[in-house]
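To be precise, the following lines are final_33.cif, and they hold mmCIF, C-alpha atoms.
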```cif
data_work
loop_
_atom_site.label_atom_id
_atom_site.label_comp_id
_atom_site.auth_asym_id
_atom_site.auth_seq_id
_atom_site.Cartn_x
_atom_site.Cartn_y
_atom_site.Cartn_z
CA MET A 499 0.34 -3.32 25.76
CA ALA A 500 -3.25 -2.21 25.21
CA ASP A 501 -5.17 -0.74 28.18
CA VAL A 502 -8.87 0.15 28.59
CA SER A 503 -9.84 3.85 28.61
CA GLU A 504 -12.65 5.45 30.66
CA LYS A 505 -15.06 5.24 27.69
CA GLY A 506 -14.44 1.49 27.53
CA GLU A 507 -12.38 1.70 24.31
CA THR A 508 -9.09 -0.14 24.08
CA LEU A 509 -6.31 2.41 24.57
CA THR A 510 -4.02 1.82 21.62
CA ARG A 511 -0.84 3.75 20.82
CA ARG A 512 -2.72 5.55 18.01
CA ILE A 513 -5.50 6.75 20.36
CA PHE A 514 -2.93 7.79 22.95
CA LEU A 515 -0.92 9.81 20.38
CA ALA A 516 -4.05 11.42 18.94
CA GLY A 517 -5.21 12.41 22.45
CA SER A 518 -1.79 13.80 23.34
CA TRP A 519 -1.72 15.82 20.12
CA SER A 520 -5.12 17.29 20.99
CA TRP A 521 -3.96 18.24 24.51
CA LEU A 522 -0.78 19.72 23.04
CA ARG A 523 -2.79 21.99 20.74
CA TRP A 524 -4.97 23.16 23.64
CA GLY A 525 -1.83 23.80 25.69
CA ALA A 526 -0.22 25.81 22.86
CA GLY A 527 -3.40 27.85 22.54
CA ALA A 528 -3.40 28.53 26.28
CA LEU A 529 0.26 29.55 26.13
CA LEU A 530 -0.65 32.24 23.60
CA LEU A 531 -2.71 33.90 26.33
CA TYR A 532 0.48 34.81 28.18
CA PRO A 533 1.79 37.32 25.57
CA LEU A 534 -1.79 38.62 25.17
CA PHE A 535 -2.14 39.40 28.88
CA ARG A 536 1.39 40.85 29.07
CA PHE A 537 0.53 43.09 26.10
CA LEU A 538 -2.77 44.23 27.61
CA GLY A 539 -1.23 44.81 31.03
CA TYR A 540 1.46 47.18 29.74
CA ARG A 541 1.05 50.78 30.95
CA THR A 542 3.04 53.68 29.58
CA PRO A 543 4.66 55.35 32.61
CA LYS A 544 2.72 58.51 33.37
CA GLN A 545 4.36 61.80 34.26
CA PRO A 546 2.99 63.63 37.29
CA ARG A 547 0.14 65.92 36.32
CA ILE A 548 0.40 69.61 37.20
CA VAL A 549 -2.82 71.60 37.06
CA LYS A 550 -2.94 75.35 37.47
CA VAL A 551 -5.95 76.85 39.22
CA ASN A 552 -6.14 80.34 37.76
CA LYS A 553 -7.88 82.17 40.55
CA VAL A 554 -7.16 83.57 43.97
CA VAL A 555 -9.29 81.82 46.55
CA PRO A 556 -10.15 83.73 49.75
CA VAL A 557 -9.36 82.14 53.13
CA GLY A 558 -12.14 79.65 53.90
CA GLY A 559 -12.96 79.25 50.20
CA PHE A 560 -12.59 76.26 47.86
CA VAL A 561 -12.34 75.38 44.17
CA LEU A 562 -13.78 72.16 42.77
CA GLU A 563 -11.70 70.76 39.91
CA HIS A 564 -12.27 67.53 37.97
CA ASP A 565 -9.79 65.40 39.97
CA PHE A 566 -9.33 67.33 43.22
CA ILE A 567 -10.78 69.96 45.51
CA LEU A 568 -8.58 72.86 46.59
CA PHE A 569 -9.15 74.50 49.97
CA VAL A 570 -7.53 77.63 51.32
CA GLY A 571 -7.25 77.99 55.10
CA GLN A 572 -5.40 80.17 57.60
CA THR A 573 -2.30 77.98 57.19
CA GLY A 574 -2.37 78.06 53.37
CA PRO A 575 -3.83 76.02 50.50
CA TRP A 576 -4.22 72.24 50.32
CA ALA A 577 -5.85 69.85 47.86
CA VAL A 578 -7.49 66.46 48.34
CA SER A 579 -8.43 63.90 45.71
CA ARG A 580 -12.04 63.64 44.59
CA LYS A 581 -11.73 59.91 43.99
CA CYS A 582 -13.50 57.93 46.70
CA THR A 583 -11.23 55.35 48.32
CA HIS A 584 -14.09 52.82 48.40
CA LEU A 585 -14.79 52.24 44.70
CA GLY A 586 -13.49 55.33 42.90
CA CYS A 587 -16.65 57.44 42.43
CA ARG A 588 -16.18 61.21 42.14
CA LEU A 589 -16.85 63.02 45.43
CA ASN A 590 -18.83 66.22 45.75
CA TYR A 591 -18.42 68.89 48.40
CA GLN A 592 -21.26 69.57 50.84
CA GLU A 593 -20.35 73.13 51.84
CA LYS A 594 -22.90 73.40 54.65
CA GLU A 595 -21.43 70.45 56.55
CA GLY A 596 -17.86 70.87 55.29
CA ALA A 597 -17.80 67.27 54.07
CA LEU A 598 -16.91 65.50 50.86
CA VAL A 599 -19.68 63.03 50.01
CA CYS A 600 -19.57 60.04 47.67
CA PRO A 601 -22.74 59.95 45.53
CA CYS A 602 -22.51 56.18 44.98
CA HIS A 603 -22.37 54.67 48.48
CA HIS A 604 -22.37 57.80 50.65
CA SER A 605 -18.91 57.61 52.24
CA ARG A 606 -18.03 60.94 53.89
CA PHE A 607 -14.69 62.67 54.38
CA ASN A 608 -13.76 65.95 56.05
CA LYS A 609 -11.92 68.82 54.33
CA ASP A 610 -8.56 67.26 55.21
CA GLY A 611 -9.57 64.07 53.45
CA VAL A 612 -10.02 62.12 56.69
CA ARG A 613 -12.72 59.45 56.48
CA LEU A 614 -15.79 60.22 58.62
CA SER A 615 -18.28 57.46 57.77
CA GLY A 616 -19.47 55.03 55.10
CA PRO A 617 -18.01 51.95 53.45
CA ALA A 618 -14.66 53.61 52.50
CA LYS A 619 -11.85 52.44 54.76
CA LYS A 620 -8.99 54.80 53.81
CA ASN A 621 -8.52 58.57 53.93
CA LEU A 622 -8.33 60.58 50.71
CA PRO A 623 -4.89 61.26 49.23
CA ARG A 624 -3.64 64.85 49.63
CA PHE A 625 -1.89 66.56 46.73
CA GLN A 626 1.00 69.01 46.79
CA VAL A 627 -0.03 72.64 46.23
CA ALA A 628 2.24 75.60 45.41
CA THR A 629 0.96 79.17 45.45
CA VAL A 630 1.83 81.18 42.35
CA ARG A 631 2.33 84.80 43.38
CA GLU A 632 2.75 86.28 39.94
CA ASP A 633 3.50 84.88 36.48
CA LYS A 634 2.40 85.67 32.95
CA ASP A 635 -0.97 83.97 33.54
CA GLY A 636 -1.53 85.81 36.82
CA LYS A 637 -1.91 84.52 40.38
CA GLY A 638 -3.16 81.08 41.31
CA TYR A 639 -2.16 77.62 42.56
CA LEU A 640 -0.21 74.73 41.07
CA VAL A 641 -1.51 71.31 42.13
CA THR A 642 0.69 68.27 41.47
CA TYR A 643 -0.69 64.70 41.53
CA MET B 83 -51.24 41.13 24.28
CA LEU B 84 -53.37 39.92 27.16
CA PRO B 85 -53.77 36.28 28.19
CA ILE B 86 -56.40 34.63 26.05
CA GLU B 87 -59.46 33.20 27.78
CA GLY B 88 -58.78 29.75 29.16
CA MET B 89 -55.04 30.30 29.14
CA ASN B 90 -53.41 31.02 32.50
CA ILE B 91 -50.57 33.49 32.99
CA ARG B 92 -47.95 30.74 33.24
CA THR B 93 -48.95 29.25 29.88
CA PHE B 94 -49.15 32.72 28.36
CA PHE B 95 -45.65 33.53 29.65
CA ILE B 96 -44.21 30.25 28.37
CA GLU B 97 -45.82 30.53 24.96
CA THR B 98 -44.87 34.14 24.30
CA LYS B 99 -42.02 34.31 21.79
CA TRP B 100 -39.53 36.14 24.03
CA GLY B 101 -36.54 34.88 22.06
CA GLY B 102 -37.89 36.37 18.84
CA LYS B 103 -38.67 39.69 20.53
CA SER B 104 -35.18 39.71 22.00
CA MET B 105 -33.57 39.09 18.60
CA VAL B 106 -35.57 41.79 16.86
CA SER B 107 -34.65 44.26 19.61
CA LEU B 108 -31.02 43.22 19.11
CA TYR B 109 -31.27 43.87 15.35
CA LEU B 110 -32.55 47.37 16.09
CA SER B 111 -29.91 47.91 18.77
CA VAL B 112 -27.09 46.86 16.43
CA LEU B 113 -28.36 49.01 13.56
CA SER B 114 -28.81 52.14 15.70
CA GLY B 115 -25.51 51.37 17.46
CA MET B 116 -23.70 51.30 14.11
CA VAL B 117 -25.14 54.70 13.29
CA ILE B 118 -24.12 56.36 16.56
CA ALA B 119 -20.67 54.70 16.48
CA LEU B 120 -19.94 56.80 13.38
CA GLN B 121 -20.24 59.98 15.46
CA TYR B 122 -19.11 58.79 18.92
CA ASP B 123 -15.51 59.49 19.96
CA PRO B 124 -14.17 57.50 22.96
CA ALA B 125 -11.45 60.12 23.53
CA THR B 126 -14.09 62.65 24.62
CA PRO B 127 -16.91 60.36 25.74
CA PHE B 128 -19.24 62.70 27.61
CA PHE B 129 -18.81 65.57 25.16
CA SER B 130 -19.39 63.14 22.33
CA ALA B 131 -22.48 61.52 23.85
CA SER B 132 -24.04 64.84 24.82
CA SER B 133 -23.25 66.28 21.36
CA LEU B 134 -25.25 63.43 19.89
CA ASP B 135 -28.25 64.57 21.91
CA LEU B 136 -27.82 68.30 21.52
CA LEU B 137 -26.09 68.98 18.20
CA ALA B 138 -26.17 66.10 15.72
CA PRO B 139 -29.34 66.06 13.59
CA PHE B 140 -31.50 63.13 14.75
CA GLY B 141 -28.67 62.17 17.14
CA GLN B 142 -31.09 62.14 20.06
CA PHE B 143 -33.38 59.77 18.18
CA PHE B 144 -30.62 57.34 17.24
CA ARG B 145 -29.19 57.32 20.78
CA ALA B 146 -32.65 56.79 22.26
CA CYS B 147 -33.32 54.01 19.75
CA HIS B 148 -30.06 52.30 20.71
CA PHE B 149 -30.78 52.74 24.42
CA TYR B 150 -34.38 51.45 24.44
CA SER B 151 -33.80 48.59 22.00
CA SER B 152 -30.78 47.43 24.05
CA GLN B 153 -32.83 47.52 27.27
CA LEU B 154 -35.57 45.50 25.58
CA PHE B 155 -33.04 43.03 24.20
CA PHE B 156 -31.76 42.28 27.69
CA LEU B 157 -35.19 42.23 29.31
CA PHE B 158 -36.60 39.85 26.68
CA THR B 159 -33.50 37.67 27.01
CA LEU B 160 -34.22 37.30 30.72
CA CYS B 161 -37.89 36.54 30.00
CA HIS B 162 -36.81 33.98 27.39
CA LEU B 163 -34.51 32.32 29.94
CA ALA B 164 -37.26 32.25 32.56
CA ALA B 165 -39.80 30.84 30.07
CA ILE B 166 -37.36 28.12 28.99
CA ILE B 167 -36.74 27.11 32.61
CA LEU B 168 -40.48 27.13 33.40
CA ALA B 169 -41.25 25.00 30.34
CA ARG B 170 -38.32 22.67 31.21
CA THR B 171 -37.11 22.98 27.61
CA ASP B 172 -33.57 23.38 28.92
CA GLN B 173 -33.55 19.67 29.76
CA GLN B 174 -33.58 18.86 26.05
CA LEU B 175 -30.25 20.65 25.68
CA ARG B 176 -26.82 19.15 26.20
CA PHE B 177 -25.14 20.54 29.33
CA ASP B 178 -22.25 22.18 27.41
CA LYS B 179 -24.74 23.98 25.14
CA TRP B 180 -26.69 25.16 28.17
CA LEU B 181 -23.46 26.58 29.65
CA LEU B 182 -22.78 28.47 26.41
CA LEU B 183 -26.26 29.99 26.49
CA ILE B 184 -25.78 31.10 30.11
CA GLY B 185 -22.50 32.65 28.92
CA SER B 186 -24.47 34.59 26.30
CA VAL B 187 -26.66 36.12 29.04
CA LEU B 188 -23.52 37.31 30.82
CA ALA B 189 -22.14 38.75 27.58
CA ALA B 190 -25.48 40.53 27.01
CA LEU B 191 -25.33 41.96 30.55
CA LEU B 192 -21.80 43.26 29.96
CA LEU B 193 -22.83 44.71 26.58
CA LEU B 194 -25.63 46.63 28.26
CA PHE B 195 -23.38 47.71 31.12
CA THR B 196 -20.54 48.97 28.89
CA GLY B 197 -23.15 50.99 27.01
CA TYR B 198 -23.98 52.78 30.27
CA VAL B 199 -20.31 53.41 30.96
CA LEU B 200 -19.61 54.78 27.47
CA ARG B 201 -21.96 57.72 27.80
CA ALA B 202 -19.63 58.91 30.62
CA ASP B 203 -22.18 61.09 32.39
CA ALA B 204 -22.27 61.03 36.21
CA THR B 205 -23.91 57.57 36.26
CA GLY B 206 -21.68 56.15 33.53
CA GLU B 207 -18.47 57.48 35.05
CA ALA B 208 -19.37 56.12 38.50
CA ALA B 209 -20.46 52.75 37.05
CA GLY B 210 -17.15 52.46 35.21
CA ALA B 211 -15.09 53.31 38.29
CA ILE B 212 -17.04 50.82 40.42
CA ALA B 213 -16.71 48.03 37.85
CA GLU B 214 -12.98 48.62 37.54
CA ASN B 215 -12.43 48.57 41.31
CA ILE B 216 -14.57 45.47 41.78
CA THR B 217 -12.63 43.68 39.03
CA LEU B 218 -9.34 44.72 40.63
CA SER B 219 -10.50 43.26 43.96
CA ILE B 220 -10.35 39.73 42.48
CA PRO B 221 -7.19 38.05 43.82
CA TYR B 222 -4.54 37.13 41.19
CA LEU B 223 -6.85 37.54 38.16
CA GLY B 224 -8.10 41.08 38.88
CA GLU B 225 -5.36 42.98 37.02
CA VAL B 226 -5.61 40.76 33.95
CA LEU B 227 -9.40 40.91 33.79
CA ASN B 228 -9.40 44.66 34.27
CA SER B 229 -6.85 45.06 31.47
CA LEU B 230 -9.08 42.96 29.26
CA LEU B 231 -12.42 44.57 30.09
CA PHE B 232 -12.09 48.11 31.45
CA ALA B 233 -8.74 49.79 32.33
CA ILE B 234 -10.64 53.10 32.43
CA GLU B 235 -8.27 54.77 34.91
CA ALA B 236 -5.25 54.17 32.67
CA GLU B 237 -6.74 54.13 29.18
CA GLY B 238 -10.01 56.06 29.35
CA MET B 239 -12.88 54.56 27.36
CA LYS B 240 -10.68 52.94 24.70
CA ARG B 241 -10.98 49.34 25.89
CA VAL B 242 -14.58 49.63 27.05
CA TYR B 243 -15.45 50.93 23.57
CA ALA B 244 -13.52 48.14 21.81
CA ASN B 245 -15.29 45.54 23.96
CA HIS B 246 -18.72 47.11 23.48
CA LEU B 247 -18.26 47.36 19.74
CA ILE B 248 -16.50 44.08 18.95
CA GLY B 249 -15.26 41.88 21.81
CA LEU B 250 -18.45 41.27 23.77
CA GLY B 251 -20.57 41.07 20.62
CA LEU B 252 -18.22 38.38 19.38
CA VAL B 253 -18.45 36.46 22.67
CA TRP B 254 -22.25 36.70 22.54
CA GLY B 255 -22.24 35.51 18.92
CA VAL B 256 -19.99 32.53 19.67
CA CYS B 257 -22.16 31.54 22.64
CA CYS B 258 -25.39 31.78 20.63
CA TRP B 259 -24.09 30.53 17.27
CA ASP B 260 -25.51 27.02 17.51
CA HIS B 261 -28.76 28.24 19.10
CA LEU B 262 -29.41 30.86 16.42
CA ARG B 263 -28.69 28.50 13.54
CA ARG B 264 -31.91 26.73 14.47
CA TYR B 265 -34.18 29.71 15.04
CA ARG B 266 -34.54 32.42 12.44
CA VAL B 267 -36.35 35.63 13.32
CA GLY B 268 -37.41 38.26 10.80
CA PHE B 269 -38.34 41.90 11.34
CA ALA B 270 -41.78 41.30 9.83
CA GLN B 271 -42.75 38.85 12.62
CA HIS B 272 -42.47 41.59 15.26
CA SER B 273 -43.46 44.75 13.42
CA LEU B 274 -45.57 46.05 16.33
CA LEU B 275 -42.61 45.84 18.71
CA LEU B 276 -40.36 47.58 16.17
CA PHE B 277 -42.89 50.31 15.54
CA THR B 278 -43.41 50.91 19.29
CA THR B 279 -39.66 51.06 20.03
CA VAL B 280 -39.06 53.54 17.20
CA ALA B 281 -42.07 55.63 18.26
CA VAL B 282 -40.91 55.75 21.90
CA SER B 283 -37.39 56.69 20.74
CA LEU B 284 -38.82 59.60 18.74
CA CYS B 285 -40.69 60.95 21.77
CA LEU B 286 -38.43 60.09 24.70
CA ALA B 287 -34.71 60.91 24.91
CA ALA B 288 -32.33 58.38 26.47
CA PRO B 289 -31.23 59.31 30.01
CA MET B 290 -28.19 61.53 30.49
CA GLU B 291 -27.08 62.93 33.85
CA PRO B 292 -24.23 65.46 33.61
CA ALA B 293 -21.81 65.69 36.54
CA ARG B 294 -22.66 68.84 38.53
CA LEU B 295 -22.08 70.56 41.84
CA GLY B 296 -24.40 69.27 44.53
CA LEU B 297 -24.84 65.80 43.05
CA PHE B 298 -24.91 63.74 46.24
CA HIS B 299 -26.77 60.66 45.07
CA ILE B 300 -26.33 58.59 41.93
CA GLN B 301 -28.52 55.62 41.13
CA GLY B 302 -26.84 52.98 39.00
CA PRO B 303 -28.48 51.14 36.10
CA TRP B 304 -31.73 49.39 37.11
CA PHE B 305 -30.21 45.93 36.88
CA LEU B 306 -27.34 46.87 39.23
CA LEU B 307 -29.32 48.70 41.92
CA GLY B 308 -29.27 45.70 44.25
CA LEU B 309 -25.52 45.39 43.84
CA GLN B 310 -25.05 49.11 44.51
CA GLU B 311 -26.97 48.71 47.78
CA LEU B 312 -25.07 45.58 48.81
CA LEU B 313 -21.73 47.36 48.23
CA ARG B 314 -22.60 49.69 51.12
CA TYR B 315 -22.43 46.85 53.64
CA VAL B 316 -20.20 44.16 52.17
CA GLN B 317 -16.63 44.26 50.84
CA PRO B 318 -16.34 44.75 47.04
CA PHE B 319 -15.01 41.25 46.31
CA TRP B 320 -17.84 39.52 48.17
CA ALA B 321 -20.61 41.86 47.05
CA GLY B 322 -19.44 42.44 43.48
CA VAL B 323 -17.89 39.10 42.55
CA ILE B 324 -18.95 36.24 44.82
CA PHE B 325 -22.61 37.23 45.31
CA PRO B 326 -23.39 37.61 41.55
CA SER B 327 -21.28 34.54 40.70
CA THR B 328 -23.42 32.31 42.92
CA VAL B 329 -26.51 32.94 40.78
CA VAL B 330 -24.54 32.27 37.59
CA VAL B 331 -23.34 28.94 39.00
CA ALA B 332 -26.92 28.15 40.06
CA LEU B 333 -28.17 28.97 36.56
CA ALA B 334 -25.56 26.63 35.13
CA CYS B 335 -26.73 23.90 37.55
CA VAL B 336 -30.30 24.27 36.28
CA GLY B 337 -29.11 22.46 33.16
CA ALA B 338 -27.94 19.50 35.28
CA GLU B 339 -29.94 16.43 36.28
CA ALA B 340 -32.19 16.18 39.38
CA PRO B 341 -31.78 16.83 42.32
CA TRP B 342 -29.33 19.61 41.34
CA ARG B 343 -31.87 21.29 39.10
CA ARG B 344 -34.42 21.62 41.91
CA ARG B 345 -31.80 22.87 44.40
CA ALA B 346 -30.50 25.40 41.87
CA LEU B 347 -34.01 26.70 41.17
CA LEU B 348 -34.68 27.13 44.89
CA PHE B 349 -31.41 28.98 45.29
CA ILE B 350 -32.17 31.27 42.32
CA ALA B 351 -35.61 32.08 43.74
CA GLY B 352 -34.05 33.02 47.11
CA TRP B 353 -31.33 35.04 45.41
CA LEU B 354 -33.89 36.95 43.36
CA ILE B 355 -35.93 37.80 46.45
CA VAL B 356 -32.82 39.15 48.22
CA TYR B 357 -31.81 41.12 45.12
CA LEU B 358 -35.31 42.54 44.74
CA VAL B 359 -35.34 43.70 48.38
CA LEU B 360 -31.91 45.32 47.96
CA SER B 361 -33.00 47.02 44.72
CA SER B 362 -36.15 48.34 46.42
CA ILE B 363 -34.09 49.86 49.25
CA ALA B 364 -31.78 51.48 46.66
CA VAL B 365 -34.75 52.93 44.73
CA PHE B 366 -36.22 54.61 47.80
CA ARG B 367 -32.96 56.15 49.04
#
```

How does this structure look as structure tokens?
Amino acid sequence: MADVSEKGETLTRRIFLAGSWSWLRWGAGALLLYPLFRFLGYRTPKQPRIVKVNKVVPVGGFVLEHDFILFVGQTGPWAVSRKCTHLGCRLNYQEKEGALVCPCHHSRFNKDGVRLSGPAKKNLPRFQVATVREDKDGKGYLVTY
Amino acid sequence: MLPIEGMNIRTFFIETKWGGKSMVSLYLSVLSGMVIALQYDPATPFFSASSLDLLAPFGQFFRACHFYSSQLFFLFTLCHLAAIILARTDQQLRFDKWLLLIGSVLAALLLLFTGYVLRADATGEAAGAIAENITLSIPYLGEVLNSLLFAIEAEGMKRVYANHLIGLGLVWGVCCWDHLRRYRVGFAQHSLLLFTTVAVSLCLAAPMEPARLGLFHIQGPWFLLGLQELLRYVQPFWAGVIFPSTVVVALACVGAEAPWRRRALLFIAGWLIVYLVLSSIAVFR
């Protein structure tokens, strides 16, 4: 039985089938997005990175590396991430105030990575540090992250 | 060119051929971009970009030419959009075509932005990290969109480069295809603009800010300064996604019938004032 469509045309079987076919093609096209997004979302599992800092840092000193900052205190060495927990900008160390400062939105963290102020809500991650007493490359620190 | 006697600023603004200027700047941007793409390596982005300036013969000129022509392309696109709205020419367009053209402005903005990210200096690196984290803050779709657009943390500059070079250009082309079939622009019509852009590129290097000790303040690209300021006070999803999306929706509504057009224009005016104030605060920090 013929019905009347929204445009005022009589809805025949032919129009209905043609419309369905069109929707089916759009649906098939949309389905193709699923493998595309699965493909793009794949990440090769990353091994932990180990970086050697080839220098002996005096107590109270620090070394600024690309991804972390290494401090040496009375209790030993520790490293904190330089990636701001707000939006990922690289932090710099303000030696005078002993604070890590984000250049983008000015979040501040202390040497232990504890948040002091600014829009960041979380503390900085701390990385594992091992002291290398003596090996073929000399003394230094191994930082794992 | 100054307003001619008897012609007010509004008429002058409307009658200036911003679209043509924008296209010619785009031609120059694409040509210089093709040249620098032959030397640029996304695996070592900062080294590569700074080598262009310091080592490659005429590299500084080509990078500057790409930078300034791209800036002009975007600026003239915005002027073109404003002139079209002021002249009410948009009302002659079908709504779906208007939406496509608004999409082209977004694609142009992303093209300009990915260019900033690709140079991977302190500003570029920070801009990339911020964009990635804002995208990831979108519920449900964040991961997918980040995989599509940035994924800098996991993949470096690979995807940003692919999008800058092909993906976004293609989106822009699709959005503007119908529009550009009607309007042809030749280099000869805007020779003064071309000459000035090339001359400026010869004299003035494109900005580059290497990461260094004691860098405690980074200013983002001029068109994102307001957003950078807003991100200090408001959560990333609201400041980086919802706030900019509202103006895009309003721009889309400009193509609709009254009274939506008038409401959308009022909203855009208010939005621009807020953004201008935020940008001014960011400049004087």

*Written as JSON, numbers by chain, what is the full residue list that the PyMOL selection byres ((chain A) within 6 of (chain B)) yields on the file shown?*
{"A": [538, 539, 585, 586, 587, 601, 602, 603, 617]}

Once you have the residues from the selection above, write them out as a short mmCIF file (atom, residue, chain, number, x, y, z; two decimals), in the frame of the given file, restricted to C-alpha atoms.
```cif
data_model
loop_
_atom_site.label_atom_id
_atom_site.label_comp_id
_atom_site.auth_asym_id
_atom_site.auth_seq_id
_atom_site.Cartn_x
_atom_site.Cartn_y
_atom_site.Cartn_z
CA LEU A 538 -2.77 44.23 27.61
CA GLY A 539 -1.23 44.81 31.03
CA LEU A 585 -14.79 52.24 44.70
CA GLY A 586 -13.49 55.33 42.90
CA CYS A 587 -16.65 57.44 42.43
CA PRO A 601 -22.74 59.95 45.53
CA CYS A 602 -22.51 56.18 44.98
CA HIS A 603 -22.37 54.67 48.48
CA PRO A 617 -18.01 51.95 53.45
#
```

_Selection near B:Gly249, 10 Å with all atoms listed in the file, sequence-local residues under 4 positions removed, as a PyMOL selection string_ = chain B and resi 189+193+230-231+241-245+253-255

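Evaluated against the shown file, the PyMOL selection byres ((chain A and resi 593) around 12) gives A:Gly558, A:Gly559, A:Phe560, A:Val561, A:Leu562, A:Ile567, A:Phe569, A:Asn590, A:Tyr591, A:Gln592, A:Lys594, A:Glu595, A:Gly596, A:Ala597, A:Leu598, A:Val599, A:Asn608, A:Lys609, B:Leu295, B:Gly296, B:Phe298.
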
_Straight-line distance linking atom CA of A:Val549 with atom CA of A:Arg588, stated in Å to one decimal_ = 17.7 Å

*For the file shown, report as a PyMOL selection string the outcome of the PyMOL selection byres ((chain B and resi 117-128) around 9) at residue level.*
chain B and resi 112-116+129-134+138+141+144-145+148+200-203+238-240+242-243+247+292

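Residues surrounding A:Ser605 within 8 Å are A:Cys582, A:His584, A:Val599, A:Cys600, A:Arg613, A:Leu614, A:Ser615, A:Gly616, A:Pro617, A:Ala618 [only C-alpha atoms; sequence separation below 3 positions excluded].
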
Any chance you could turn stretch 565-583 of chain A into a file with N, CA and C atoms, as a PDB file, in the first residue's frame?
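After the write, decode15.pdb holds the following:
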```
ATOM      1  N   ASP A 565      63.801  14.240  29.983  1.00  0.00           N
ATOM      2  CA  ASP A 565      62.501  13.785  30.510  1.00  0.00           C
ATOM      3  C   ASP A 565      62.380  13.854  32.028  1.00  0.00           C
ATOM      4  N   PHE A 566      63.492  14.045  32.717  1.00  0.00           N
ATOM      5  CA  PHE A 566      63.431  14.053  34.194  1.00  0.00           C
ATOM      6  C   PHE A 566      64.487  14.980  34.758  1.00  0.00           C
ATOM      7  N   ILE A 567      64.355  15.235  36.074  1.00  0.00           N
ATOM      8  CA  ILE A 567      65.387  15.994  36.771  1.00  0.00           C
ATOM      9  C   ILE A 567      65.866  15.128  37.939  1.00  0.00           C
ATOM     10  N   LEU A 568      67.174  14.966  38.036  1.00  0.00           N
ATOM     11  CA  LEU A 568      67.768  14.106  39.062  1.00  0.00           C
ATOM     12  C   LEU A 568      68.326  14.981  40.182  1.00  0.00           C
ATOM     13  N   PHE A 569      67.912  14.685  41.401  1.00  0.00           N
ATOM     14  CA  PHE A 569      68.426  15.404  42.569  1.00  0.00           C
ATOM     15  C   PHE A 569      69.250  14.444  43.409  1.00  0.00           C
ATOM     16  N   VAL A 570      70.245  14.972  44.094  1.00  0.00           N
ATOM     17  CA  VAL A 570      70.981  14.154  45.051  1.00  0.00           C
ATOM     18  C   VAL A 570      70.920  14.862  46.404  1.00  0.00           C
ATOM     19  N   GLY A 571      70.380  14.141  47.400  1.00  0.00           N
ATOM     20  CA  GLY A 571      70.260  14.694  48.753  1.00  0.00           C
ATOM     21  C   GLY A 571      71.050  13.872  49.747  1.00  0.00           C
ATOM     22  N   GLN A 572      70.869  14.182  51.033  1.00  0.00           N
ATOM     23  CA  GLN A 572      71.573  13.445  52.100  1.00  0.00           C
ATOM     24  C   GLN A 572      71.206  11.956  52.079  1.00  0.00           C
ATOM     25  N   THR A 573      69.924  11.689  51.723  1.00  0.00           N
ATOM     26  CA  THR A 573      69.436  10.300  51.743  1.00  0.00           C
ATOM     27  C   THR A 573      69.750   9.545  50.455  1.00  0.00           C
ATOM     28  N   GLY A 574      70.268  10.211  49.452  1.00  0.00           N
ATOM     29  CA  GLY A 574      70.577   9.557  48.174  1.00  0.00           C
ATOM     30  C   GLY A 574      69.939  10.273  46.998  1.00  0.00           C
ATOM     31  N   PRO A 575      70.046   9.677  45.797  1.00  0.00           N
ATOM     32  CA  PRO A 575      69.485  10.344  44.606  1.00  0.00           C
ATOM     33  C   PRO A 575      68.007  10.005  44.381  1.00  0.00           C
ATOM     34  N   TRP A 576      67.289  10.915  43.757  1.00  0.00           N
ATOM     35  CA  TRP A 576      65.921  10.636  43.291  1.00  0.00           C
ATOM     36  C   TRP A 576      65.660  11.451  42.021  1.00  0.00           C
ATOM     37  N   ALA A 577      64.705  10.981  41.238  1.00  0.00           N
ATOM     38  CA  ALA A 577      64.394  11.681  39.979  1.00  0.00           C
ATOM     39  C   ALA A 577      62.896  11.900  39.874  1.00  0.00           C
ATOM     40  N   VAL A 578      62.510  13.069  39.383  1.00  0.00           N
ATOM     41  CA  VAL A 578      61.089  13.335  39.127  1.00  0.00           C
ATOM     42  C   VAL A 578      60.900  13.712  37.655  1.00  0.00           C
ATOM     43  N   SER A 579      59.717  13.395  37.160  1.00  0.00           N
ATOM     44  CA  SER A 579      59.398  13.661  35.752  1.00  0.00           C
ATOM     45  C   SER A 579      59.383  15.162  35.484  1.00  0.00           C
ATOM     46  N   ARG A 580      59.723  15.528  34.248  1.00  0.00           N
ATOM     47  CA  ARG A 580      59.643  16.948  33.873  1.00  0.00           C
ATOM     48  C   ARG A 580      58.361  17.247  33.110  1.00  0.00           C
ATOM     49  N   LYS A 581      57.459  16.267  33.075  1.00  0.00           N
ATOM     50  CA  LYS A 581      56.212  16.470  32.326  1.00  0.00           C
ATOM     51  C   LYS A 581      55.130  16.965  33.283  1.00  0.00           C
ATOM     52  N   CYS A 582      54.645  18.162  33.055  1.00  0.00           N
ATOM     53  CA  CYS A 582      53.645  18.752  33.943  1.00  0.00           C
ATOM     54  C   CYS A 582      52.371  17.901  33.935  1.00  0.00           C
ATOM     55  N   THR A 583      51.798  17.700  35.121  1.00  0.00           N
ATOM     56  CA  THR A 583      50.606  16.852  35.210  1.00  0.00           C
ATOM     57  C   THR A 583      49.333  17.595  34.795  1.00  0.00           C
TER      58      THR A 583
END
```
